[in-house]
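Chemist: Input: one structure, supplied below.
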Amino acid sequence: MFQGAAALSLDVKGRLAIPVRHREALASVADGRLVLTAHPHRCLLLYPEPAWEPIRDKVLAASSMNPQSAAIKRLLVGNAREEAMDAAGRLLIAPELRQFAELEKQVWLVGQGSHFEIWSDSGWKRQQDAVFLLSDQCLPPGLEDLAL
């Protein structure tokens with residue numbers, strides 16, 4: 001279970017040092033095999049390979065003749081890259097994916113249970129601001145009875 005948000009820095013080669021608290025879990029769940037791909041909200045998704053496979057299979061099973069399904073296939077599967085952490089626990093983020101998500105020096109690694117989102121600093125701030133704007137609205141379906 002990956003949770004929490006961490007502000008991290010990309011090095012000059014575009015590598016992200018995975019926080020120590022998550023390295024062991026990623027190594028044990030997937031033997032260090034990870035999948036990095038694009039998300040429609042302009043962040044990146046980082047999955048342990050076993051958690052990615054059923055999502056990939058479901059996306060690939062959708063019709064290529066449906067324009068929406070084809071677009072999602074192109075985005076998620078077309079941008080998917082198999083990556084591995086190096087011995088220092090760093091993950092290389094390809095230039096194409098860094099450009100897609102507008103990643104610069106500071107990024108955010110945000111746990112989402114089975115995977116992580118990787119956000120640019122400005123993208124993460126926009127997401128946080130959007131949540132505060134929703135505070136006066138009704139909760140989305142499935143969360144109507146959420147009590148904190």
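Naming works like this for the structure tokens: A, B, ... for the chains as they're shown, residue 1 at the start of each chain, ligands 1 onward in shown order.
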Please identify all polymer residues within 9 Å of Leu34 (chain A), counting only C-alpha atoms, omitting same-chain residues fewer than 2 positions from it, and present them as a PDB file with N, CA and C atoms, in the first residue's frame.

Modeler:
ATOM      1  N   LEU A  26       8.693  -1.900  -3.276  1.00  0.00           N
ATOM      2  CA  LEU A  26       8.748  -2.021  -4.738  1.00  0.00           C
ATOM      3  C   LEU A  26       9.635  -3.185  -5.156  1.00  0.00           C
ATOM      4  N   ALA A  30       7.735  -6.448  -6.942  1.00  0.00           N
ATOM      5  CA  ALA A  30       7.958  -6.569  -8.381  1.00  0.00           C
ATOM      6  C   ALA A  30       9.403  -6.892  -8.751  1.00  0.00           C
ATOM      7  N   ASP A  31      10.200  -7.298  -7.788  1.00  0.00           N
ATOM      8  CA  ASP A  31      11.632  -7.519  -8.046  1.00  0.00           C
ATOM      9  C   ASP A  31      12.264  -6.303  -8.717  1.00  0.00           C
ATOM     10  N   GLY A  32      11.780  -5.124  -8.360  1.00  0.00           N
ATOM     11  CA  GLY A  32      12.314  -3.891  -8.936  1.00  0.00           C
ATOM     12  C   GLY A  32      11.806  -3.573 -10.322  1.00  0.00           C
ATOM     13  N   LEU A  36       6.298   2.796 -16.012  1.00  0.00           N
ATOM     14  CA  LEU A  36       6.041   4.230 -15.954  1.00  0.00           C
ATOM     15  C   LEU A  36       5.266   4.598 -17.198  1.00  0.00           C
ATOM     16  N   LEU A  46       3.327   5.412 -11.909  1.00  0.00           N
ATOM     17  CA  LEU A  46       4.406   4.471 -11.647  1.00  0.00           C
ATOM     18  C   LEU A  46       3.811   3.249 -10.956  1.00  0.00           C
ATOM     19  N   TYR A  47       3.848   2.114 -11.638  1.00  0.00           N
ATOM     20  CA  TYR A  47       3.278   0.869 -11.123  1.00  0.00           C
ATOM     21  C   TYR A  47       4.360  -0.184 -10.938  1.00  0.00           C
ATOM     22  N   PRO A  48       4.252  -0.995  -9.881  1.00  0.00           N
ATOM     23  CA  PRO A  48       5.004  -2.247  -9.887  1.00  0.00           C
ATOM     24  C   PRO A  48       4.446  -3.070 -11.064  1.00  0.00           C
ATOM     25  N   GLU A  49       5.292  -3.740 -11.788  1.00  0.00           N
ATOM     26  CA  GLU A  49       4.833  -4.436 -12.997  1.00  0.00           C
ATOM     27  C   GLU A  49       3.636  -5.362 -12.761  1.00  0.00           C
ATOM     28  N   PRO A  50       3.596  -6.154 -11.678  1.00  0.00           N
ATOM     29  CA  PRO A  50       2.422  -7.023 -11.480  1.00  0.00           C
ATOM     30  C   PRO A  50       1.106  -6.252 -11.313  1.00  0.00           C
ATOM     31  N   TRP A  52       0.471  -3.359 -12.802  1.00  0.00           N
ATOM     32  CA  TRP A  52       0.197  -2.738 -14.100  1.00  0.00           C
ATOM     33  C   TRP A  52      -0.436  -3.723 -15.077  1.00  0.00           C
ATOM     34  N   ARG A  81       6.586   2.416 -20.282  1.00  0.00           N
ATOM     35  CA  ARG A  81       8.006   2.047 -20.354  1.00  0.00           C
ATOM     36  C   ARG A  81       8.341   1.173 -19.157  1.00  0.00           C
ATOM     37  N   GLU A  82       8.962   0.044 -19.431  1.00  0.00           N
ATOM     38  CA  GLU A  82       9.447  -0.805 -18.347  1.00  0.00           C
ATOM     39  C   GLU A  82      10.757  -0.219 -17.856  1.00  0.00           C
ATOM     40  N   GLU A  83      10.826  -0.009 -16.568  1.00  0.00           N
ATOM     41  CA  GLU A  83      12.010   0.591 -15.962  1.00  0.00           C
ATOM     42  C   GLU A  83      12.388  -0.215 -14.731  1.00  0.00           C
ATOM     43  N   ALA A  84      13.587  -0.011 -14.257  1.00  0.00           N
ATOM     44  CA  ALA A  84      14.046  -0.661 -13.028  1.00  0.00           C
ATOM     45  C   ALA A  84      14.806   0.364 -12.204  1.00  0.00           C
ATOM     46  N   MET A  85      14.713   0.220 -10.902  1.00  0.00           N
ATOM     47  CA  MET A  85      15.514   1.072 -10.030  1.00  0.00           C
ATOM     48  C   MET A  85      16.965   0.636 -10.128  1.00  0.00           C
TER      49      MET A  85
END

Chemist: DSSP on the backbone: what in chain A comes out helix (DSSP H, G or I), as JSON, numbers by chain?

Modeler: {"A": [20, 21, 22, 23, 24, 25, 26, 27, 28, 29, 30, 49, 50, 51, 52, 53, 54, 55, 56, 57, 58, 59, 60, 61, 67, 68, 69, 70, 71, 72, 73, 74, 75, 76, 95, 96, 97, 98, 99, 100, 121, 122, 123, 124, 125, 126, 127, 128, 129, 130, 131, 132, 133, 134]}

Chemist: Looking at only C-alpha atoms, which of A:His22, A:Leu45, A:Leu103, A:Leu92 is the one that sits closest to Gly123 (chain A)?

Modeler: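 Nearest to Gly123 (chain A): A:Leu103.
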
Chemist: Using only C-alpha atoms, which residue out of A:Leu44, A:Ala17, A:Ala38, A:Leu97 lies closest to Trp124 (chain A)?

Modeler: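 Result for the nearest residue to Trp124 (chain A): A:Leu44.
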
Chemist: Can you pull out every residue within 10 Å of Trp119 (chain A), counting only C-alpha atoms, but drop anything in the same chain fewer than 5 positions away, and send it as a list in words?

Modeler: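 Answer for this query is Ala7, His41, Arg42, Cys43, Leu44, Leu45, Arg98, Ala101, Glu102, Leu103, Glu104, Gln106, Val107, Trp108, Leu109, Val110, Trp124, Lys125 and Gln127 of chain A.
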
Chemist: What would the file look like if the residues just selected were written as a compact mmCIF listing (two decimals), in the first residue's frame with C-alpha atoms?

Modeler:
# COMPACT_ATOMS: atom_id res chain seq x y z
CA ALA A 7 8.62 16.42 -2.66
CA HIS A 41 -4.25 14.57 -16.11
CA ARG A 42 -0.66 15.28 -17.25
CA CYS A 43 1.08 13.41 -14.49
CA LEU A 44 2.91 10.10 -14.72
CA LEU A 45 1.86 6.78 -13.25
CA ARG A 98 9.35 14.30 -18.41
CA ALA A 101 4.24 15.79 -17.44
CA GLU A 102 6.21 19.06 -17.52
CA LEU A 103 8.62 17.73 -14.92
CA GLU A 104 11.45 20.01 -13.94
CA GLN A 106 11.16 19.50 -8.15
CA VAL A 107 8.52 16.79 -8.50
CA TRP A 108 5.99 15.10 -6.24
CA LEU A 109 5.70 11.35 -5.72
CA VAL A 110 2.16 10.67 -4.52
CA TRP A 124 0.60 19.16 -7.87
CA LYS A 125 -0.19 22.65 -6.57
CA GLN A 127 -4.42 19.61 -7.95

Chemist: Excluding Ala88 (chain A) and any residue of its chain fewer than 4 positions from it, enumerate the residues within 10 Å of it, using only C-alpha atoms, and give them as a PyMOL selection string.

Modeler: chain A and resi 17-18+20+23
